[in-house]
file run-v4.cif (mmCIF, C-alpha atoms)
data_query
#
loop_
_atom_site.label_atom_id
_atom_site.label_comp_id
_atom_site.auth_asym_id
_atom_site.auth_seq_id
_atom_site.Cartn_x
_atom_site.Cartn_y
_atom_site.Cartn_z
CA MET A 1 -17.67 -54.82 29.73
CA LYS A 2 -14.62 -55.91 27.76
CA TYR A 3 -11.52 -53.74 27.71
CA ARG A 4 -8.61 -53.42 25.33
CA THR A 5 -5.29 -51.63 25.39
CA LEU A 6 -5.41 -48.64 23.04
CA GLY A 7 -2.16 -49.20 21.21
CA ARG A 8 0.98 -47.50 22.44
CA THR A 9 -0.98 -45.25 24.81
CA GLY A 10 -1.36 -48.14 27.21
CA LEU A 11 -4.81 -46.82 28.09
CA ARG A 12 -7.34 -49.47 29.08
CA VAL A 13 -10.50 -48.61 27.15
CA SER A 14 -13.93 -50.17 26.85
CA VAL A 15 -14.54 -51.89 23.52
CA LEU A 16 -17.59 -49.63 23.13
CA GLY A 17 -17.08 -45.90 23.55
CA ILE A 18 -19.41 -42.91 23.47
CA GLY A 19 -19.06 -40.46 20.58
CA THR A 20 -20.61 -37.01 20.88
CA GLY A 21 -20.62 -36.07 17.19
CA GLY A 22 -22.52 -37.71 14.37
CA PRO A 23 -25.98 -36.66 13.20
CA SER A 24 -27.46 -36.21 16.68
CA GLN A 25 -24.52 -34.15 18.04
CA PHE A 26 -24.99 -35.61 21.54
CA GLY A 27 -28.71 -34.86 21.51
CA GLN A 28 -28.34 -31.30 20.25
CA ASN A 29 -29.87 -32.05 16.83
CA SER A 30 -32.37 -34.68 17.97
CA GLY A 31 -34.31 -32.94 20.69
CA VAL A 32 -32.86 -34.99 23.55
CA SER A 33 -32.58 -32.89 26.69
CA GLU A 34 -29.26 -32.41 28.43
CA THR A 35 -30.75 -34.10 31.49
CA ASP A 36 -31.43 -37.23 29.44
CA VAL A 37 -27.97 -37.09 27.85
CA SER A 38 -26.46 -36.90 31.34
CA ARG A 39 -28.52 -39.93 32.41
CA MET A 40 -27.23 -41.82 29.37
CA VAL A 41 -23.61 -40.95 30.26
CA ARG A 42 -24.11 -42.18 33.83
CA ARG A 43 -25.76 -45.36 32.56
CA ALA A 44 -22.82 -45.90 30.19
CA LEU A 45 -20.40 -45.60 33.10
CA ALA A 46 -22.49 -48.08 35.11
CA LEU A 47 -22.26 -50.53 32.19
CA GLY A 48 -18.48 -50.21 32.19
CA VAL A 49 -18.07 -47.78 29.28
CA ASN A 50 -15.06 -45.60 30.06
CA PHE A 51 -14.15 -43.98 26.72
CA PHE A 52 -15.68 -40.69 25.61
CA ASP A 53 -14.83 -38.87 22.39
CA THR A 54 -15.82 -35.31 21.60
CA ALA A 55 -14.52 -32.28 19.70
CA ALA A 56 -14.34 -28.51 19.91
CA GLY A 57 -16.36 -28.42 16.69
CA TYR A 58 -19.32 -30.47 17.94
CA GLY A 59 -21.42 -27.53 19.10
CA GLU A 60 -21.83 -27.66 22.87
CA SER A 61 -20.82 -31.33 23.15
CA GLU A 62 -17.67 -30.70 25.18
CA ALA A 63 -19.56 -28.60 27.72
CA ILE A 64 -22.46 -31.06 27.92
CA LEU A 65 -20.04 -33.95 28.46
CA GLY A 66 -18.05 -32.00 31.03
CA ARG A 67 -21.19 -31.32 33.05
CA ALA A 68 -22.35 -34.94 32.73
CA LEU A 69 -19.02 -36.22 34.10
CA THR A 70 -18.87 -33.76 37.00
CA GLY A 71 -18.19 -35.68 40.20
CA VAL A 72 -17.03 -38.84 38.44
CA PRO A 73 -13.52 -39.82 39.60
CA ARG A 74 -11.09 -38.79 36.85
CA GLU A 75 -9.46 -42.21 36.76
CA ASP A 76 -12.82 -43.78 35.85
CA TYR A 77 -12.90 -42.45 32.29
CA VAL A 78 -10.70 -41.78 29.27
CA LEU A 79 -11.34 -38.51 27.48
CA ALA A 80 -10.55 -37.71 23.85
CA THR A 81 -11.29 -34.48 22.02
CA LYS A 82 -10.20 -32.75 18.82
CA VAL A 83 -9.00 -29.47 17.38
CA GLN A 84 -9.67 -28.56 13.76
CA VAL A 85 -6.95 -26.63 11.99
CA ALA A 86 -8.36 -26.30 8.46
CA ARG A 87 -11.60 -26.16 6.53
CA ASP A 88 -12.21 -25.38 2.87
CA ASP A 89 -12.33 -21.62 3.45
CA TRP A 90 -10.35 -21.25 6.66
CA THR A 91 -7.04 -22.15 8.27
CA ALA A 92 -6.30 -21.76 11.96
CA THR A 93 -3.21 -20.14 13.40
CA PRO A 94 -1.02 -21.75 16.07
CA GLU A 95 -2.52 -19.22 18.50
CA ASP A 96 -6.01 -20.48 17.60
CA VAL A 97 -4.92 -24.00 18.52
CA VAL A 98 -3.70 -22.89 21.95
CA VAL A 99 -6.98 -21.06 22.61
CA THR A 100 -9.02 -24.08 21.47
CA VAL A 101 -7.15 -26.54 23.67
CA GLU A 102 -7.47 -24.26 26.71
CA ARG A 103 -11.17 -23.85 25.98
CA SER A 104 -11.61 -27.62 25.71
CA LEU A 105 -10.00 -28.12 29.11
CA GLU A 106 -12.33 -25.52 30.59
CA ARG A 107 -15.47 -26.91 28.96
CA LEU A 108 -14.60 -30.51 29.86
CA ARG A 109 -13.77 -29.45 33.44
CA VAL A 110 -10.49 -31.37 33.59
CA ASP A 111 -6.84 -30.50 34.13
CA VAL A 112 -5.57 -32.81 31.42
CA ILE A 113 -7.12 -34.45 28.35
CA ASP A 114 -6.08 -38.02 27.65
CA ILE A 115 -6.04 -37.82 23.83
CA MET A 116 -5.98 -34.64 21.74
CA GLN A 117 -6.61 -35.26 18.05
CA PHE A 118 -6.22 -33.30 14.85
CA HIS A 119 -9.79 -33.27 13.56
CA GLY A 120 -10.65 -34.50 10.06
CA VAL A 121 -7.32 -33.96 8.31
CA LYS A 122 -7.64 -34.14 4.52
CA PRO A 123 -4.79 -35.67 2.51
CA GLU A 124 -4.05 -32.34 0.83
CA ASP A 125 -3.82 -30.60 4.23
CA TYR A 126 -1.64 -33.17 5.94
CA ALA A 127 1.81 -31.71 5.15
CA ARG A 128 0.75 -28.21 6.19
CA THR A 129 -0.81 -29.55 9.38
CA ILE A 130 2.45 -31.20 10.39
CA GLU A 131 4.61 -28.24 9.44
CA ILE A 132 2.55 -25.54 11.11
CA PHE A 133 0.59 -27.19 13.90
CA LEU A 134 2.57 -30.20 15.12
CA PRO A 135 5.13 -27.98 16.92
CA VAL A 136 2.45 -26.13 18.91
CA MET A 137 0.72 -29.39 19.78
CA ALA A 138 4.04 -30.80 20.97
CA ARG A 139 4.51 -27.77 23.25
CA LEU A 140 1.01 -28.15 24.67
CA GLN A 141 1.69 -31.82 25.31
CA GLU A 142 4.93 -30.98 27.08
CA GLN A 143 3.01 -28.49 29.22
CA GLY A 144 0.73 -31.30 30.36
CA LYS A 145 -2.42 -30.14 28.59
CA PHE A 146 -2.92 -33.60 27.08
CA ARG A 147 -1.23 -36.99 27.29
CA PHE A 148 -1.37 -38.49 23.80
CA LEU A 149 -1.69 -37.17 20.26
CA GLY A 150 -4.11 -38.60 17.68
CA VAL A 151 -5.53 -37.84 14.25
CA SER A 152 -8.87 -38.46 12.56
CA GLU A 153 -9.72 -38.66 8.88
CA THR A 154 -12.48 -37.06 6.78
CA TYR A 155 -14.33 -40.31 6.13
CA SER A 156 -16.97 -39.00 3.72
CA LEU A 157 -14.35 -37.32 1.51
CA ASP A 158 -11.23 -39.43 2.06
CA PHE A 159 -12.92 -42.79 1.67
CA ARG A 160 -9.75 -44.25 0.15
CA HIS A 161 -7.96 -43.43 3.42
CA GLU A 162 -5.19 -41.50 1.65
CA MET A 163 -4.22 -39.42 4.67
CA PHE A 164 -3.42 -42.31 6.99
CA PRO A 165 -0.47 -43.84 5.09
CA MET A 166 1.28 -40.47 5.42
CA ALA A 167 0.41 -40.08 9.09
CA LEU A 168 1.34 -43.64 10.01
CA ALA A 169 4.62 -43.46 8.09
CA ASP A 170 5.57 -40.28 9.96
CA ASP A 171 4.79 -42.03 13.26
CA HIS A 172 3.77 -38.87 15.11
CA PHE A 173 0.44 -40.22 16.32
CA ASP A 174 -0.57 -42.50 19.16
CA THR A 175 -4.15 -43.01 17.97
CA ALA A 176 -6.05 -43.04 14.69
CA MET A 177 -9.78 -42.43 14.29
CA VAL A 178 -10.80 -44.48 11.26
CA GLY A 179 -14.06 -44.60 9.31
CA TYR A 180 -14.91 -48.29 9.12
CA ASN A 181 -18.06 -50.38 8.87
CA MET A 182 -19.23 -53.66 7.42
CA ILE A 183 -20.38 -52.24 4.07
CA SER A 184 -17.40 -49.87 3.75
CA PRO A 185 -14.58 -52.09 5.05
CA THR A 186 -11.69 -50.84 2.90
CA ALA A 187 -9.70 -49.75 5.97
CA GLU A 188 -8.97 -53.47 6.34
CA ARG A 189 -6.71 -53.35 3.28
CA SER A 190 -3.93 -51.16 4.63
CA VAL A 191 -4.90 -48.74 7.39
CA LEU A 192 -5.84 -51.23 10.09
CA PRO A 193 -2.84 -53.51 9.41
CA MET A 194 -0.54 -50.46 9.50
CA CYS A 195 -2.03 -49.34 12.81
CA ARG A 196 -1.47 -52.78 14.24
CA GLU A 197 2.12 -52.86 12.99
CA LYS A 198 2.86 -49.41 14.44
CA ASN A 199 0.94 -50.12 17.67
CA VAL A 200 -1.30 -47.13 17.01
CA GLY A 201 -4.59 -47.30 18.91
CA VAL A 202 -7.64 -47.49 16.63
CA ILE A 203 -10.83 -45.58 17.40
CA CYS A 204 -13.63 -46.64 15.05
CA MET A 205 -16.14 -44.08 13.82
CA VAL A 206 -19.22 -44.61 11.60
CA ALA A 207 -19.63 -48.27 12.62
CA VAL A 208 -23.36 -47.55 12.33
CA ARG A 209 -24.80 -44.59 10.50
CA ARG A 210 -27.99 -44.10 8.52
CA ALA A 211 -27.42 -46.92 6.04
CA LEU A 212 -27.20 -49.54 8.77
CA SER A 213 -29.93 -48.16 10.99
CA ARG A 214 -32.59 -47.22 8.40
CA PRO A 215 -33.86 -49.92 6.01
CA ASP A 216 -34.92 -47.36 3.39
CA VAL A 217 -31.47 -45.81 3.24
CA LEU A 218 -29.78 -49.21 3.08
CA ALA A 219 -31.98 -50.32 0.18
CA GLU A 220 -31.16 -47.09 -1.62
CA ARG A 221 -27.40 -47.50 -1.09
CA ILE A 222 -27.42 -51.14 -2.20
CA ALA A 223 -29.44 -50.27 -5.32
CA TYR A 224 -26.93 -47.53 -6.11
CA ALA A 225 -23.99 -49.91 -5.62
CA LYS A 226 -25.57 -52.42 -7.99
CA GLU A 227 -26.36 -49.78 -10.61
CA LYS A 228 -22.79 -48.43 -10.53
CA GLY A 229 -21.29 -51.91 -10.68
CA LEU A 230 -19.71 -51.56 -7.25
CA ILE A 231 -21.18 -54.89 -6.19
CA GLU A 232 -22.58 -57.78 -8.21
CA ARG A 233 -26.32 -57.53 -8.89
CA GLU A 234 -26.89 -61.10 -7.73
CA SER A 235 -24.80 -60.75 -4.57
CA LEU A 236 -27.71 -59.46 -2.47
CA PRO A 237 -31.50 -59.44 -2.74
CA ASP A 238 -33.16 -56.12 -3.57
CA VAL A 239 -35.54 -56.39 -0.60
CA ASP A 240 -34.01 -56.55 2.89
CA PRO A 241 -30.53 -57.01 1.34
CA LEU A 242 -28.70 -57.74 4.60
CA GLY A 243 -31.52 -59.53 6.39
CA TRP A 244 -29.58 -62.79 6.26
CA LEU A 245 -27.29 -61.41 8.97
CA VAL A 246 -30.12 -61.20 11.52
CA LYS A 247 -30.45 -64.57 13.18
CA GLY A 248 -29.68 -66.21 16.51
CA HIS A 249 -27.78 -63.82 18.76
CA VAL A 250 -27.66 -61.17 16.00
CA THR A 251 -30.89 -59.32 16.67
CA SER A 252 -30.58 -56.40 14.24
CA LEU A 253 -28.37 -54.90 11.55
CA PRO A 254 -26.83 -52.42 14.01
CA SER A 255 -26.01 -55.42 16.21
CA ALA A 256 -24.30 -57.12 13.27
CA ALA A 257 -22.45 -53.92 12.43
CA TYR A 258 -21.00 -53.47 15.92
CA LYS A 259 -19.97 -57.11 16.06
CA TYR A 260 -18.26 -56.87 12.67
CA VAL A 261 -16.00 -53.90 13.44
CA ALA A 262 -15.22 -54.96 17.00
CA SER A 263 -13.88 -58.31 15.79
CA HIS A 264 -10.97 -56.85 13.84
CA PRO A 265 -7.69 -57.58 15.68
CA ALA A 266 -6.49 -53.99 15.29
CA MET A 267 -9.58 -52.50 16.91
CA GLY A 268 -9.31 -50.57 20.14
CA THR A 269 -12.68 -48.96 20.80
CA VAL A 270 -15.82 -48.57 18.69
CA LEU A 271 -17.83 -45.38 19.03
CA THR A 272 -21.59 -45.26 19.33
CA GLY A 273 -23.19 -41.88 18.81
CA THR A 274 -26.43 -42.48 20.64
CA ALA A 275 -27.95 -40.22 23.25
CA ASN A 276 -30.63 -42.81 24.05
CA ILE A 277 -30.29 -45.25 26.97
CA ASP A 278 -32.21 -48.05 25.25
CA HIS A 279 -29.99 -47.80 22.16
CA LEU A 280 -26.90 -47.70 24.36
CA GLU A 281 -27.90 -50.86 26.20
CA ALA A 282 -28.68 -52.67 22.94
CA ASN A 283 -25.31 -51.67 21.51
CA VAL A 284 -23.45 -52.81 24.61
CA LYS A 285 -25.27 -56.14 24.48
CA ALA A 286 -24.41 -56.54 20.79
CA ILE A 287 -20.74 -55.78 21.08
CA LEU A 288 -20.28 -58.00 24.16
CA GLY A 289 -22.18 -60.96 22.74
CA PRO A 290 -20.90 -63.70 20.41
CA PRO A 291 -19.29 -62.50 17.17
CA LEU A 292 -20.78 -62.77 13.70
CA PRO A 293 -20.45 -66.24 12.19
CA ASP A 294 -17.23 -66.60 10.19
CA GLU A 295 -19.14 -67.42 7.03
CA ASP A 296 -21.17 -64.20 7.28
CA VAL A 297 -18.02 -62.13 7.77
CA ALA A 298 -16.46 -63.81 4.75
CA ARG A 299 -19.54 -63.13 2.63
CA LEU A 300 -19.57 -59.45 3.61
CA ARG A 301 -15.91 -59.07 2.70
CA ASP A 302 -16.47 -60.85 -0.60
CA ILE A 303 -19.31 -58.48 -1.50
CA PHE A 304 -18.01 -55.16 -0.18
CA GLY A 305 -14.26 -55.57 0.14
CA ALA A 306 -13.49 -53.80 -3.15
CA VAL A 307 -16.00 -50.95 -2.79
CA TRP A 308 -14.13 -47.65 -2.60
CA GLU A 309 -17.17 -45.54 -1.70
CA PRO A 310 -18.59 -44.70 1.74
CA LEU A 311 -21.81 -46.68 1.43
CA GLY A 312 -22.16 -46.94 5.19
CA ASN A 313 -22.21 -43.22 5.91
#
call {"tool": "encode", "arguments": {"input": "run-v4.cif", "output": "structure tokens"}}
result
Amino acid sequence: MKYRTLGRTGLRVSVLGIGTGGPSQFGQNSGVSETDVSRMVRRALALGVNFFDTAAGYGESEAILGRALTGVPREDYVLATKVQVARDDWTATPEDVVVTVERSLERLRVDVIDIMQFHGVKPEDYARTIEIFLPVMARLQEQGKFRFLGVSETYSLDFRHEMFPMALADDHFDTAMVGYNMISPTAERSVLPMCREKNVGVICMVAVRRALSRPDVLAERIAYAKEKGLIERESLPDVDPLGWLVKGHVTSLPSAAYKYVASHPAMGTVLTGTANIDHLEANVKAILGPPLPDEDVARLRDIFGAVWEPLGN
């Protein structure tokens, strides 16, 4: 396994991390048993993966992860979770945040969480989040409930990354969870360079979602992008539009996708949301192998670099 320093936290994290959200919700939505999820977690640890990301809002993910990590020396893994303070029809209170953090500690079976993140902060909610909830988070940090403070964006809604310039300018956060993939690479324009400048650790989400793991969805997204004028019609073939990436050591589109995001100099750790051991092993092999050829990276950026829509979701 390769390891990187996660920005100003100083934490040494594996370049591939395990995410417990996404469509499968750590096996909860895909019929994978908790026993099999636990086996996958132990296999990940054996492969050198030491970063695990979860959230209070991911169903039973915190509890499942806590049970899977029972007996593993605490220094062998880095644990990140999240607290949500606002949705469209609901806003938490500071007391709710305290209860949620205490519950996360209990469910994860630890005395301290390495990174506590504000979950999915929308641009319009950012100022209120800082005003109302940053003070209580600061108190909880002082009490030793967690070590570092992070923030994640709402990738599917805030695909122009409008929240992060505010958060990075304020400089309250040690980590940033950024939506970033090879057909939605707009974070490269400002967010990733700002994170690097501020020494904020980057956690990559949505490196691979449906569009890059299902050929039918990819063809649909590429056709849509052509129809809307988001990309040039002649830039990609209609059939197997990204097949030219699969060659040599690049054995699949997911392999290409993991290689692409991991190569950015600002990147800390890249999350994979699998609950399947075979997928895990393939993803580890991809991210540790040789990078994408420079000419393929350049072509991807030329095609998708100006697309302000989340095609890769």
call {"tool": "atom_distance", "arguments": {"input": "run-v4.cif", "atom1": "atom CA of A:Asp53", "atom2": "atom CA of A:Ser33"}}
result
19.2 Å
call {"tool": "residues_near_point", "arguments": {"input": "run-v4.cif", "point": "(-13.6, -59.3, 15.8)", "cutoff": "12 Å", "atoms": "all atoms listed in the file", "output": "JSON, numbers by chain"}}
result
{"A": [15, 182, 256, 257, 258, 259, 260, 261, 262, 263, 264, 265, 266, 267, 268, 269, 270, 287, 288, 289, 290, 291, 292, 293, 294, 297]}
call {"tool": "write_last_selection", "arguments": {"input": "run-v4.cif", "atoms": "C-alpha atoms", "output": "PDB file, in the frame of the given file"}}
result
ATOM      1  CA  VAL A  15     -14.540 -51.890  23.520  1.00  0.00           C
ATOM      2  CA  MET A 182     -19.230 -53.660   7.420  1.00  0.00           C
ATOM      3  CA  ALA A 256     -24.300 -57.120  13.270  1.00  0.00           C
ATOM      4  CA  ALA A 257     -22.450 -53.920  12.430  1.00  0.00           C
ATOM      5  CA  TYR A 258     -21.000 -53.470  15.920  1.00  0.00           C
ATOM      6  CA  LYS A 259     -19.970 -57.110  16.060  1.00  0.00           C
ATOM      7  CA  TYR A 260     -18.260 -56.870  12.670  1.00  0.00           C
ATOM      8  CA  VAL A 261     -16.000 -53.900  13.440  1.00  0.00           C
ATOM      9  CA  ALA A 262     -15.220 -54.960  17.000  1.00  0.00           C
ATOM     10  CA  SER A 263     -13.880 -58.310  15.790  1.00  0.00           C
ATOM     11  CA  HIS A 264     -10.970 -56.850  13.840  1.00  0.00           C
ATOM     12  CA  PRO A 265      -7.690 -57.580  15.680  1.00  0.00           C
ATOM     13  CA  ALA A 266      -6.490 -53.990  15.290  1.00  0.00           C
ATOM     14  CA  MET A 267      -9.580 -52.500  16.910  1.00  0.00           C
ATOM     15  CA  GLY A 268      -9.310 -50.570  20.140  1.00  0.00           C
ATOM     16  CA  THR A 269     -12.680 -48.960  20.800  1.00  0.00           C
ATOM     17  CA  VAL A 270     -15.820 -48.570  18.690  1.00  0.00           C
ATOM     18  CA  ILE A 287     -20.740 -55.780  21.080  1.00  0.00           C
ATOM     19  CA  LEU A 288     -20.280 -58.000  24.160  1.00  0.00           C
ATOM     20  CA  GLY A 289     -22.180 -60.960  22.740  1.00  0.00           C
ATOM     21  CA  PRO A 290     -20.900 -63.700  20.410  1.00  0.00           C
ATOM     22  CA  PRO A 291     -19.290 -62.500  17.170  1.00  0.00           C
ATOM     23  CA  LEU A 292     -20.780 -62.770  13.700  1.00  0.00           C
ATOM     24  CA  PRO A 293     -20.450 -66.240  12.190  1.00  0.00           C
ATOM     25  CA  ASP A 294     -17.230 -66.600  10.190  1.00  0.00           C
ATOM     26  CA  VAL A 297     -18.020 -62.130   7.770  1.00  0.00           C
TER      27      VAL A 297
END
call {"tool": "closest_residue", "arguments": {"input": "run-v4.cif", "among": "A:Leu271, A:Val246, A:Ile303, A:Ala169", "to": "A:Arg233", "atoms": "all atoms listed in the file"}}
result
A:Ile303
call {"tool": "residues_around", "arguments": {"input": "run-v4.cif", "residues": "A:Gly7", "least_positions_apart": "6", "cutoff": "7 Å", "atoms": "all atoms listed in the file", "output": "list in words"}}
result
Asn199, Val200 and Gly201 of chain A
call {"tool": "residues_around", "arguments": {"input": "run-v4.cif", "residues": "A:Glu162", "least_positions_apart": "4", "cutoff": "12 Å", "atoms": "only C-alpha atoms", "output": "list in words"}}
result
Val121, Lys122, Pro123, Glu124, Asp125, Tyr126, Ser152, Glu153, Thr154, Tyr155, Leu157, Asp158, Met166, Ala167, Leu168, Ala169, Val178, Thr186, Ala187, Ser190, Val191 and Trp308 of chain A
call {"tool": "closest_residue", "arguments": {"input": "run-v4.cif", "among": "A:Val136, A:Ile64, A:Leu11, A:Ala55", "to": "A:Val83", "atoms": "only C-alpha atoms"}}
result
A:Ala55
call {"tool": "resolve_selection", "arguments": {"input": "run-v4.cif", "expression": "the PyMOL selection byres ((chain A and resi 100) around 12)", "output": "short mmCIF file (atom, residue, chain, number, x, y, z; two decimals) with C-alpha atoms, keeping the file's coordinate frame"}}
result
data_model
loop_
_atom_site.label_atom_id
_atom_site.label_comp_id
_atom_site.auth_asym_id
_atom_site.auth_seq_id
_atom_site.Cartn_x
_atom_site.Cartn_y
_atom_site.Cartn_z
CA ALA A 55 -14.52 -32.28 19.70
CA ALA A 56 -14.34 -28.51 19.91
CA GLY A 57 -16.36 -28.42 16.69
CA GLU A 62 -17.67 -30.70 25.18
CA THR A 81 -11.29 -34.48 22.02
CA LYS A 82 -10.20 -32.75 18.82
CA VAL A 83 -9.00 -29.47 17.38
CA GLN A 84 -9.67 -28.56 13.76
CA VAL A 85 -6.95 -26.63 11.99
CA ALA A 92 -6.30 -21.76 11.96
CA THR A 93 -3.21 -20.14 13.40
CA PRO A 94 -1.02 -21.75 16.07
CA GLU A 95 -2.52 -19.22 18.50
CA ASP A 96 -6.01 -20.48 17.60
CA VAL A 97 -4.92 -24.00 18.52
CA VAL A 98 -3.70 -22.89 21.95
CA VAL A 99 -6.98 -21.06 22.61
CA VAL A 101 -7.15 -26.54 23.67
CA GLU A 102 -7.47 -24.26 26.71
CA ARG A 103 -11.17 -23.85 25.98
CA SER A 104 -11.61 -27.62 25.71
CA LEU A 105 -10.00 -28.12 29.11
CA GLU A 106 -12.33 -25.52 30.59
CA ARG A 107 -15.47 -26.91 28.96
CA LEU A 108 -14.60 -30.51 29.86
CA MET A 116 -5.98 -34.64 21.74
CA GLN A 117 -6.61 -35.26 18.05
CA PHE A 118 -6.22 -33.30 14.85
CA VAL A 136 2.45 -26.13 18.91
CA MET A 137 0.72 -29.39 19.78
CA LEU A 140 1.01 -28.15 24.67
CA LYS A 145 -2.42 -30.14 28.59
#
